[in-house]
$ cat data-v8.tsv   # TSV, C-alpha atoms (C1' of nucleotides)
chain	number	residue	atom	x	y	z
V	915	MET	CA	36.80	16.55	-7.96
V	916	LYS	CA	34.44	18.80	-6.04
V	917	LEU	CA	33.60	19.33	-2.43
V	918	SER	CA	29.86	19.46	-1.84
V	919	LYS	CA	28.12	22.32	-0.09
V	920	LYS	CA	27.21	19.79	2.55
V	921	SER	CA	30.84	19.17	3.42
V	922	GLU	CA	31.73	22.82	3.20
V	923	TYR	CA	28.90	23.71	5.59
V	924	GLY	CA	29.89	20.81	7.81
V	925	LEU	CA	33.45	22.07	8.09
V	926	ARG	CA	32.33	25.60	8.77
V	927	ALA	CA	29.91	24.37	11.43
V	928	LEU	CA	32.64	22.34	13.08
V	929	LEU	CA	34.78	25.44	13.07
V	930	GLU	CA	32.26	27.12	15.34
V	931	LEU	CA	32.14	24.10	17.62
V	932	THR	CA	35.92	23.99	17.71
V	933	LEU	CA	36.11	27.61	18.81
V	934	ALA	CA	33.66	26.80	21.60
V	935	TYR	CA	35.36	23.56	22.62
V	936	GLU	CA	37.61	24.92	25.33
V	937	ALA	CA	34.68	26.57	27.06
V	938	SER	CA	32.95	23.17	26.71
V	939	SER	CA	29.72	24.99	26.04
V	940	PHE	CA	26.89	23.90	23.81
V	941	VAL	CA	26.33	25.87	20.63
V	942	GLN	CA	22.86	26.06	19.20
V	943	ARG	CA	22.09	25.38	15.58
V	944	HIS	CA	20.66	28.84	14.98
V	945	ASP	CA	23.83	30.47	16.25
V	946	ILE	CA	25.92	28.34	13.94
V	947	ALA	CA	23.55	29.01	11.08
V	948	ALA	CA	23.59	32.74	11.66
V	949	ARG	CA	27.34	33.09	12.06
V	950	GLN	CA	28.18	30.89	9.09
V	951	HIS	CA	25.24	31.77	6.84
V	952	ILE	CA	24.02	28.21	6.54
V	953	PRO	CA	20.32	27.34	5.97
V	954	ILE	CA	19.26	26.08	9.35
V	955	GLU	CA	17.25	23.03	8.30
V	956	PHE	CA	20.02	21.80	6.08
V	957	LEU	CA	22.47	22.40	8.88
V	958	GLU	CA	20.45	20.10	11.10
V	959	GLN	CA	20.85	17.18	8.74
V	960	ILE	CA	24.55	17.78	8.67
V	961	LEU	CA	24.93	18.03	12.42
V	962	LEU	CA	22.81	14.93	12.83
V	963	ALA	CA	25.03	12.97	10.46
V	964	LEU	CA	28.09	14.10	12.36
V	965	LYS	CA	26.42	13.12	15.59
V	966	ARG	CA	25.54	9.66	14.32
V	967	ALA	CA	29.13	9.27	13.24
V	968	GLY	CA	30.25	9.94	16.78
V	969	LEU	CA	31.83	13.37	16.45
V	970	LEU	CA	29.24	15.38	18.33
V	971	SER	CA	26.94	15.17	21.29
V	972	SER	CA	23.80	17.20	21.70
V	973	ARG	CA	21.54	18.33	24.45
V	974	ARG	CA	17.88	19.22	24.12
V	975	GLY	CA	15.86	21.82	25.86
V	976	MET	CA	16.97	25.20	27.10
V	977	ASN	CA	20.67	25.92	26.84
V	978	GLY	CA	20.91	22.88	24.62
V	979	GLY	CA	22.89	22.60	21.44
V	980	TYR	CA	25.80	20.70	19.98
V	981	ARG	CA	29.27	20.09	21.24
V	982	LEU	CA	32.34	18.23	20.08
V	983	ILE	CA	32.84	14.90	21.80
V	984	LYS	CA	36.58	14.70	21.18
V	985	PRO	CA	39.30	17.34	21.18
V	986	PRO	CA	39.59	19.12	17.81
V	987	SER	CA	43.14	17.86	17.42
V	988	LEU	CA	41.80	14.31	17.13
V	989	ILE	CA	39.26	15.00	14.41
V	990	THR	CA	40.55	15.27	10.85
V	991	LEU	CA	39.03	16.93	7.82
V	992	GLY	CA	39.32	13.55	6.10
V	993	GLN	CA	36.97	11.95	8.61
V	994	VAL	CA	34.45	14.74	8.28
V	995	ILE	CA	34.41	14.74	4.50
V	996	ARG	CA	34.10	10.95	4.36
V	997	ILE	CA	31.05	11.14	6.63
V	998	LEU	CA	29.34	13.86	4.62
V	999	ASP	CA	30.55	13.22	1.07
V	1000	GLY	CA	31.68	9.62	1.02
V	1001	PRO	CA	35.11	8.31	0.04
V	1002	LEU	CA	37.94	10.67	-0.79
V	1003	ALA	CA	39.11	8.54	-3.71
V	1004	PRO	CA	38.25	9.93	-7.16
V	1005	ILE	CA	37.12	6.49	-8.28
V	1006	GLY	CA	35.82	3.42	-6.48
V	1007	CYS	CA	38.59	1.06	-7.52
V	1008	VAL	CA	41.24	3.02	-5.61
V	1009	SER	CA	39.29	3.70	-2.44
V	1010	ARG	CA	40.74	2.23	0.75
V	1011	THR	CA	37.65	2.86	2.85
V	1012	ALA	CA	35.01	1.94	0.24
V	1013	TYR	CA	36.60	-0.18	-2.47
V	1014	GLN	CA	34.46	-1.14	-5.41
V	1015	LYS	CA	35.74	-3.00	-8.42
V	1016	CYS	CA	35.19	-1.50	-11.84
V	1017	ASP	CA	32.59	-3.26	-13.90
V	1018	ASP	CA	33.33	-2.06	-17.39
V	1019	CYS	CA	37.06	-1.38	-17.40
V	1020	PRO	CA	38.99	-3.84	-19.59
V	1021	TYR	CA	41.88	-3.71	-17.13
V	1022	ALA	CA	39.59	-4.30	-14.14
V	1023	GLY	CA	41.38	-5.85	-11.22
V	1024	GLN	CA	44.77	-5.93	-12.94
V	1025	PRO	CA	47.48	-4.03	-11.09
V	1026	SER	CA	48.53	-2.60	-14.45
V	1027	CYS	CA	45.31	-0.64	-14.89
V	1028	PRO	CA	46.46	2.85	-15.85
V	1029	VAL	CA	43.40	4.57	-14.43
V	1030	GLN	CA	43.99	2.85	-11.14
V	1031	GLN	CA	47.64	3.86	-11.10
V	1032	ALA	CA	46.98	7.53	-11.81
V	1033	MET	CA	43.98	7.89	-9.54
V	1034	GLY	CA	45.62	5.89	-6.78
V	1035	THR	CA	48.34	8.52	-6.66
V	1036	VAL	CA	45.76	11.26	-6.45
V	1037	ARG	CA	43.85	9.48	-3.73
V	1038	ASP	CA	46.98	9.06	-1.65
V	1039	ALA	CA	47.81	12.73	-2.01
V	1040	ILE	CA	44.34	13.87	-0.99
V	1041	ALA	CA	44.08	11.46	1.91
V	1042	GLY	CA	47.63	12.32	2.96
V	1043	ILE	CA	46.61	15.91	3.39
V	1044	LEU	CA	43.10	15.61	4.76
V	1045	ASP	CA	43.78	12.75	7.16
V	1046	ASN	CA	46.57	14.76	8.75
V	1047	TYR	CA	44.70	18.04	8.91
V	1048	SER	CA	42.88	18.33	12.21
V	1049	LEU	CA	40.05	20.63	13.17
V	1050	ALA	CA	42.54	22.34	15.46
V	1051	ASP	CA	44.78	23.10	12.47
V	1052	PHE	CA	41.73	24.17	10.56
V	1053	ALA	CA	40.57	26.60	13.24
V	1054	ALA	CA	44.06	27.98	13.73
V	1055	GLY	CA	43.81	29.66	10.36
V	1056	ALA	CA	40.58	31.34	11.42
V	1057	ARG	CA	41.62	33.10	14.60
V	1058	LYS	CA	42.41	36.72	13.99
V	1059	PRO	CA	45.94	37.70	15.06
W	43	MET	CA	35.97	14.46	-4.83
W	44	LYS	CA	34.88	12.21	-7.66
W	45	LEU	CA	35.92	11.69	-11.22
W	46	SER	CA	32.95	11.55	-13.58
W	47	LYS	CA	32.29	8.66	-15.92
W	48	LYS	CA	32.81	11.16	-18.70
W	49	SER	CA	36.39	11.83	-17.67
W	50	GLU	CA	37.07	8.18	-17.01
W	51	TYR	CA	35.80	7.24	-20.46
W	52	GLY	CA	37.75	10.12	-21.94
W	53	LEU	CA	40.98	8.92	-20.40
W	54	ARG	CA	40.37	5.35	-21.50
W	55	ALA	CA	39.58	6.51	-25.03
W	56	LEU	CA	42.76	8.58	-25.14
W	57	LEU	CA	44.62	5.50	-24.02
W	58	GLU	CA	43.57	3.77	-27.22
W	59	LEU	CA	44.58	6.76	-29.29
W	60	THR	CA	47.91	6.94	-27.51
W	61	LEU	CA	48.66	3.31	-28.30
W	62	ALA	CA	47.91	4.05	-31.97
W	63	TYR	CA	49.84	7.31	-32.05
W	64	GLU	CA	53.17	5.97	-33.26
W	65	ALA	CA	51.52	4.25	-36.20
W	66	SER	CA	49.81	7.61	-36.80
W	67	SER	CA	46.70	5.72	-37.77
W	68	PHE	CA	43.10	6.76	-37.25
W	69	VAL	CA	41.07	4.82	-34.73
W	70	GLN	CA	37.36	4.55	-35.21
W	71	ARG	CA	34.88	5.32	-32.50
W	72	HIS	CA	33.34	1.87	-32.61
W	73	ASP	CA	36.73	0.26	-32.09
W	74	ILE	CA	37.36	2.47	-29.10
W	75	ALA	CA	33.87	1.82	-27.79
W	76	ALA	CA	34.23	-1.94	-28.19
W	77	ARG	CA	37.70	-2.24	-26.70
W	78	GLN	CA	36.94	0.01	-23.75
W	79	HIS	CA	33.27	-0.88	-23.25
W	80	ILE	CA	32.03	2.67	-23.64
W	81	PRO	CA	28.53	3.51	-24.95
W	82	ILE	CA	29.27	4.71	-28.46
W	83	GLU	CA	27.00	7.74	-28.59
W	84	PHE	CA	28.31	9.02	-25.29
W	85	LEU	CA	31.83	8.42	-26.50
W	86	GLU	CA	31.14	10.67	-29.48
W	87	GLN	CA	30.31	13.60	-27.26
W	88	ILE	CA	33.50	13.07	-25.36
W	89	LEU	CA	35.69	12.78	-28.45
W	90	LEU	CA	34.04	15.86	-29.89
W	91	ALA	CA	34.78	17.87	-26.76
W	92	LEU	CA	38.40	16.75	-26.88
W	93	LYS	CA	38.54	17.66	-30.53
W	94	ARG	CA	37.13	21.14	-29.92
W	95	ALA	CA	39.70	21.59	-27.20
W	96	GLY	CA	42.44	20.89	-29.72
W	97	LEU	CA	43.66	17.49	-28.59
W	98	LEU	CA	42.35	15.40	-31.47
W	99	SER	CA	41.80	15.53	-35.18
W	100	SER	CA	39.29	13.44	-37.03
W	101	ARG	CA	38.73	12.20	-40.57
W	102	ARG	CA	35.44	11.18	-42.10
W	103	GLY	CA	34.69	8.52	-44.59
W	104	MET	CA	36.30	5.14	-45.03
W	105	ASN	CA	39.36	4.54	-42.92
W	106	GLY	CA	38.39	7.62	-40.97
W	107	GLY	CA	38.47	7.99	-37.24
W	108	TYR	CA	40.22	9.97	-34.54
W	109	ARG	CA	43.88	10.68	-33.94
W	110	LEU	CA	45.93	12.62	-31.42
W	111	ILE	CA	47.18	15.94	-32.76
W	112	LYS	CA	50.12	16.22	-30.35
W	113	PRO	CA	52.50	13.62	-28.96
W	114	PRO	CA	51.12	11.88	-25.87
W	115	SER	CA	54.00	13.19	-23.80
W	116	LEU	CA	52.66	16.73	-24.26
W	117	ILE	CA	49.12	16.01	-23.12
W	118	THR	CA	48.47	15.79	-19.39
W	119	LEU	CA	45.69	14.14	-17.47
W	120	GLY	CA	45.06	17.51	-15.88
W	121	GLN	CA	44.25	19.07	-19.24
W	122	VAL	CA	41.91	16.25	-20.15
W	123	ILE	CA	40.01	16.29	-16.88
W	124	ARG	CA	39.64	20.07	-16.97
W	125	ILE	CA	38.13	19.82	-20.43
W	126	LEU	CA	35.66	17.11	-19.48
W	127	ASP	CA	34.96	17.78	-15.82
W	128	GLY	CA	35.91	21.40	-15.23
W	129	PRO	CA	38.37	22.75	-12.68
W	130	LEU	CA	40.44	20.42	-10.54
W	131	ALA	CA	40.02	22.55	-7.42
W	132	PRO	CA	37.60	21.16	-4.82
W	133	ILE	CA	36.03	24.58	-4.41
W	134	GLY	CA	35.76	27.64	-6.62
W	135	CYS	CA	37.63	30.02	-4.34
W	136	VAL	CA	40.90	28.10	-4.72
W	137	SER	CA	40.76	27.40	-8.44
W	138	ARG	CA	43.58	28.87	-10.51
W	139	THR	CA	41.93	28.24	-13.85
W	140	ALA	CA	38.36	29.14	-12.88
W	141	TYR	CA	38.40	31.26	-9.73
W	142	GLN	CA	35.09	32.19	-8.21
W	143	LYS	CA	34.68	34.04	-4.95
W	144	CYS	CA	32.54	32.52	-2.23
W	145	ASP	CA	29.23	34.22	-1.69
W	146	ASP	CA	28.17	33.02	1.72
W	147	CYS	CA	31.42	32.37	3.57
W	148	PRO	CA	31.97	34.81	6.43
W	149	TYR	CA	35.71	34.73	5.71
W	150	ALA	CA	35.19	35.32	1.99
W	151	GLY	CA	38.16	36.94	0.35
W	152	GLN	CA	40.27	37.01	3.50
W	153	PRO	CA	43.56	35.16	3.25
W	154	SER	CA	42.80	33.70	6.66
W	155	CYS	CA	39.81	31.70	5.44
W	156	PRO	CA	40.38	28.21	6.82
W	157	VAL	CA	38.44	26.48	4.07
W	158	GLN	CA	40.55	28.24	1.51
W	159	GLN	CA	43.76	27.26	3.27
W	160	ALA	CA	42.89	23.59	3.53
W	161	MET	CA	41.39	23.22	0.08
W	162	GLY	CA	44.16	25.25	-1.52
W	163	THR	CA	46.61	22.66	-0.30
W	164	VAL	CA	44.48	19.89	-1.74
W	165	ARG	CA	44.15	21.65	-5.05
W	166	ASP	CA	47.89	22.11	-5.33
W	167	ALA	CA	48.47	18.45	-4.63
W	168	ILE	CA	45.94	17.27	-7.20
W	169	ALA	CA	47.14	19.69	-9.86
W	170	GLY	CA	50.74	18.86	-9.05
W	171	ILE	CA	50.09	15.26	-9.89
W	172	LEU	CA	47.69	15.51	-12.81
W	173	ASP	CA	49.44	18.38	-14.59
W	174	ASN	CA	52.67	16.40	-14.60
W	175	TYR	CA	51.16	13.10	-15.62
W	176	SER	CA	51.22	12.76	-19.40
W	177	LEU	CA	49.23	10.42	-21.59
W	178	ALA	CA	52.54	8.72	-22.34
W	179	ASP	CA	53.03	8.00	-18.63
W	180	PHE	CA	49.44	6.91	-18.46
W	181	ALA	CA	49.77	4.45	-21.31
W	182	ALA	CA	53.06	3.12	-20.01
W	183	GLY	CA	51.18	1.44	-17.19
W	184	ALA	CA	48.94	-0.29	-19.69
W	185	ARG	CA	51.44	-2.06	-21.93
W	186	LYS	CA	51.84	-5.66	-20.97
W	187	PRO	CA	55.46	-6.59	-20.17
Y	1129	DA	C1'	27.54	9.67	-60.04
Y	1130	DT	C1'	26.14	6.46	-56.34
Y	1131	DG	C1'	26.13	4.20	-52.31
Y	1132	DT	C1'	28.50	3.17	-48.17
Y	1133	DT	C1'	31.14	4.39	-44.42
Y	1134	DT	C1'	32.13	7.47	-41.15
Y	1135	DG	C1'	31.94	11.65	-38.32
Y	1136	DT	C1'	28.70	16.01	-36.79
Y	1137	DT	C1'	25.08	18.17	-34.65
Y	1138	DG	C1'	21.31	19.01	-31.79
Y	1139	DA	C1'	17.41	17.65	-29.36
Y	1140	DC	C1'	15.77	14.87	-25.92
Y	1141	DA	C1'	15.15	12.16	-21.62
Y	1142	DA	C1'	15.58	8.93	-17.73
Y	1143	DA	C1'	17.98	8.56	-13.52
Y	1144	DC	C1'	20.22	10.53	-10.13
Y	1145	DT	C1'	22.15	14.01	-6.98
Y	1146	DC	C1'	22.23	18.38	-4.59
Y	1147	DA	C1'	20.53	21.64	-1.72
Y	1148	DC	C1'	17.33	22.50	0.57
Y	1149	DT	C1'	12.02	22.67	2.87
Y	1150	DT	C1'	8.06	20.99	5.37
Y	1151	DA	C1'	5.94	19.09	8.95
Y	1152	DA	C1'	5.15	16.15	12.54
Y	1153	DC	C1'	7.41	14.28	16.58
Y	1154	DT	C1'	10.09	13.65	20.95
Y	1155	DA	C1'	12.79	14.99	24.76
Y	1156	DT	C1'	14.42	18.39	28.18
Y	1157	DT	C1'	14.24	22.14	31.19
Y	1158	DA	C1'	12.37	26.45	33.56
F	943	DT	C1'	2.76	22.83	31.43
F	944	DA	C1'	4.74	25.85	28.37
F	945	DA	C1'	8.57	26.87	25.94
F	946	DT	C1'	12.73	25.42	24.01
F	947	DA	C1'	15.48	22.48	21.17
F	948	DG	C1'	16.83	18.50	18.88
F	949	DT	C1'	14.96	14.16	15.74
F	950	DT	C1'	13.18	12.07	11.87
F	951	DA	C1'	11.01	11.06	7.52
F	952	DA	C1'	9.51	12.61	3.53
F	953	DG	C1'	9.19	15.63	-0.26
F	954	DT	C1'	10.66	18.99	-3.83
F	955	DG	C1'	12.69	21.82	-7.52
F	956	DA	C1'	16.71	22.59	-10.05
F	957	DG	C1'	20.46	20.96	-12.03
F	958	DT	C1'	23.81	17.34	-13.60
F	959	DT	C1'	25.07	12.94	-15.36
F	960	DT	C1'	24.69	9.51	-18.51
F	961	DG	C1'	23.15	8.33	-21.97
F	962	DT	C1'	19.73	7.77	-26.72
F	963	DC	C1'	17.84	9.03	-31.27
F	964	DA	C1'	17.51	10.88	-35.62
F	965	DA	C1'	18.76	13.73	-39.27
F	966	DC	C1'	22.70	15.42	-41.57
F	967	DA	C1'	27.45	16.23	-43.90
F	968	DA	C1'	31.70	14.79	-45.63
F	969	DA	C1'	34.88	11.40	-47.58
F	970	DC	C1'	35.88	7.40	-50.09
F	971	DA	C1'	35.42	3.15	-53.26
F	972	DT	C1'	33.48	1.60	-57.16
$ encode --input "data-v8.tsv" --output "structure tokens"
Amino acid sequence: MKLSKKSEYGLRALLELTLAYEASSFVQRHDIAARQHIPIEFLEQILLALKRAGLLSSRRGMNGGYRLIKPPSLITLGQVIRILDGPLAPIGCVSRTAYQKCDDCPYAGQPSCPVQQAMGTVRDAIAGILDNYSLADFAAGARKP
Amino acid sequence: MKLSKKSEYGLRALLELTLAYEASSFVQRHDIAARQHIPIEFLEQILLALKRAGLLSSRRGMNGGYRLIKPPSLITLGQVIRILDGPLAPIGCVSRTAYQKCDDCPYAGQPSCPVQQAMGTVRDAIAGILDNYSLADFAAGARKP
DNA sequence: ATGTTTGTTGACAAACTCACTTAACTATTA
DNA sequence: TAATAGTTAAGTGAGTTTGTCAACAAACAT
């Protein structure tokens, strides 16, 4: 039930991009890395994955950097974590976005599988929170009053 | 956000012990292993951990095996998963049972840390479900009507 | 007592994942 | 063209997961 460093860094990086969104300015990887204490080369991989997934755009050369493509209110933590960490579901057989049937479970496929019932509830709770938690909400907690 | 095989096996093994609880009979590891398709030597480690944590008792020799120490209604999935997988919280800084402060987060310690806010909500949801989900509830889904 | 059944313990290891690092490459702009 | 900045593939060391193996200890039936 753990969030990887990759996702944590990803969220923190997107926080920086969210704060810069209104100015619609590009933020460079080394600025993000410095402000959020993220190893820069690892950060690149993360930003690249988010770019490939269609959340970011980038510009090369001087004054280049990364920028959000969509408003922060339209990007959810659920999307981000699925991109960087895979499905939210604790177990494959209850995932909606990446279902995989159990191979060894004696109740496999049956709707009466107790593991599926319990973990399905957990999945719904997690997805219910993270899919309704936008980057805008996320950043709101970060601004100093 | 994933449940390990260890925890999954553990829950499935406890399912067998729950079904045998009323008869207060001992169930042998190879019966559990066979019925639930769990590698027997791995299962041992799991049962041993659950025993050390005070959920099970065991008896050696003929007609030996494992048995629940407490009624299934008093054991929660949350307890089991914490024993086998560690804290439920997605990140150390929001764990109630195993708190650990972030080292690299620029908001570390501050109540306004956005990661902490979001993941705290998730933790509460997961714990709210799993700490109120007993083995009895769990097994109820398994009995054929 | 003896042998069989069963659980106990600890060491080990293959496979995989995580968290990065290295290094070469490509594109953009001043 | 020189400097800046992002792109990509590959590699790496540490740690975790998922087991396996072998020797051992206790309980029981006979």
$ closest_atom_pairs --input "data-v8.tsv" --of "chain F" --to "chain W" --cutoff "7 Å" --atoms "only C-alpha atoms (C1' of nucleotides)" --output "CSV"
residue,atom,partner,partner_atom,distance
F:DG961,C1',W:Phe84,CA,6.2
F:DA968,C1',W:Arg102,CA,6.3
F:DA969,C1',W:Gly103,CA,4.2
F:DC970,C1',W:Met104,CA,5.6
$ closest_residue --input "data-v8.tsv" --among "V:Ile960, V:Leu1002, V:Ala1022, V:Val1029" --to "chain Y" --atoms "only C-alpha atoms (C1' of nucleotides)"
V:Ile960
$ closest_atom_pairs --input "data-v8.tsv" --of "chain Y" --to "chain V" --cutoff "10 Å" --atoms "only C-alpha atoms (C1' of nucleotides)" --output "Markdown table"
| residue | atom | partner | partner_atom | distance |
| --- | --- | --- | --- | --- |
| Y:DC1146 | C1' | V:Ser918 | CA | 8.2 |
| Y:DA1147 | C1' | V:Lys919 | CA | 7.8 |
| Y:DC1148 | C1' | V:Phe956 | CA | 6.2 |
| Y:DT1149 | C1' | V:Glu955 | CA | 7.5 |
| Y:DT1150 | C1' | V:Glu955 | CA | 9.9 |
| Y:DA1155 | C1' | V:Arg974 | CA | 6.6 |
| Y:DT1156 | C1' | V:Gly975 | CA | 4.4 |
| Y:DT1157 | C1' | V:Gly975 | CA | 5.6 |
| Y:DA1158 | C1' | V:Met976 | CA | 8.0 |
$ interface_residues --input "data-v8.tsv" --of "chain W" --to "chain V" --cutoff "7 Å" --atoms "only C-alpha atoms" --output "count of residues only"
23
$ residues_around --input "data-v8.tsv" --residues "DA964 in chain F" --least-positions-apart "4" --cutoff "12 Å" --atoms "only C-alpha atoms (C1' of nucleotides)" --output "list in words"
DT1137, DG1138, DA1139 and DC1140 of chain Y
$ axis_aligned_box --input "data-v8.tsv" --around "range 165-170 of chain W" --padding-each-side "6 Å" --output "lines of an AutoDock Vina configuration file"
center_x = 47.4
center_y = 19.7
center_z = -7.2
size_x = 18.6
size_y = 16.8
size_z = 17.2
$ residues_near_point --input "data-v8.tsv" --point "(21.0, 12.6, -12.0)" --cutoff "6 Å" --atoms "only C-alpha atoms (C1' of nucleotides)" --output "NGL selection string"
(:Y and (1143-1145)) or (:F and (958-959))
$ write_last_selection --input "data-v8.tsv" --atoms "C-alpha atoms (C1' of nucleotides)" --output "CSV table (one decimal), in the frame of the given file"
chain,number,residue,atom,x,y,z
Y,1143,DA,C1',18.0,8.6,-13.5
Y,1144,DC,C1',20.2,10.5,-10.1
Y,1145,DT,C1',22.2,14.0,-7.0
F,958,DT,C1',23.8,17.3,-13.6
F,959,DT,C1',25.1,12.9,-15.4
$ atom_distance --input "data-v8.tsv" --atom1 "CA of Pro986 in chain V" --atom2 "CA of Ser1048 in chain V"
6.5 Å
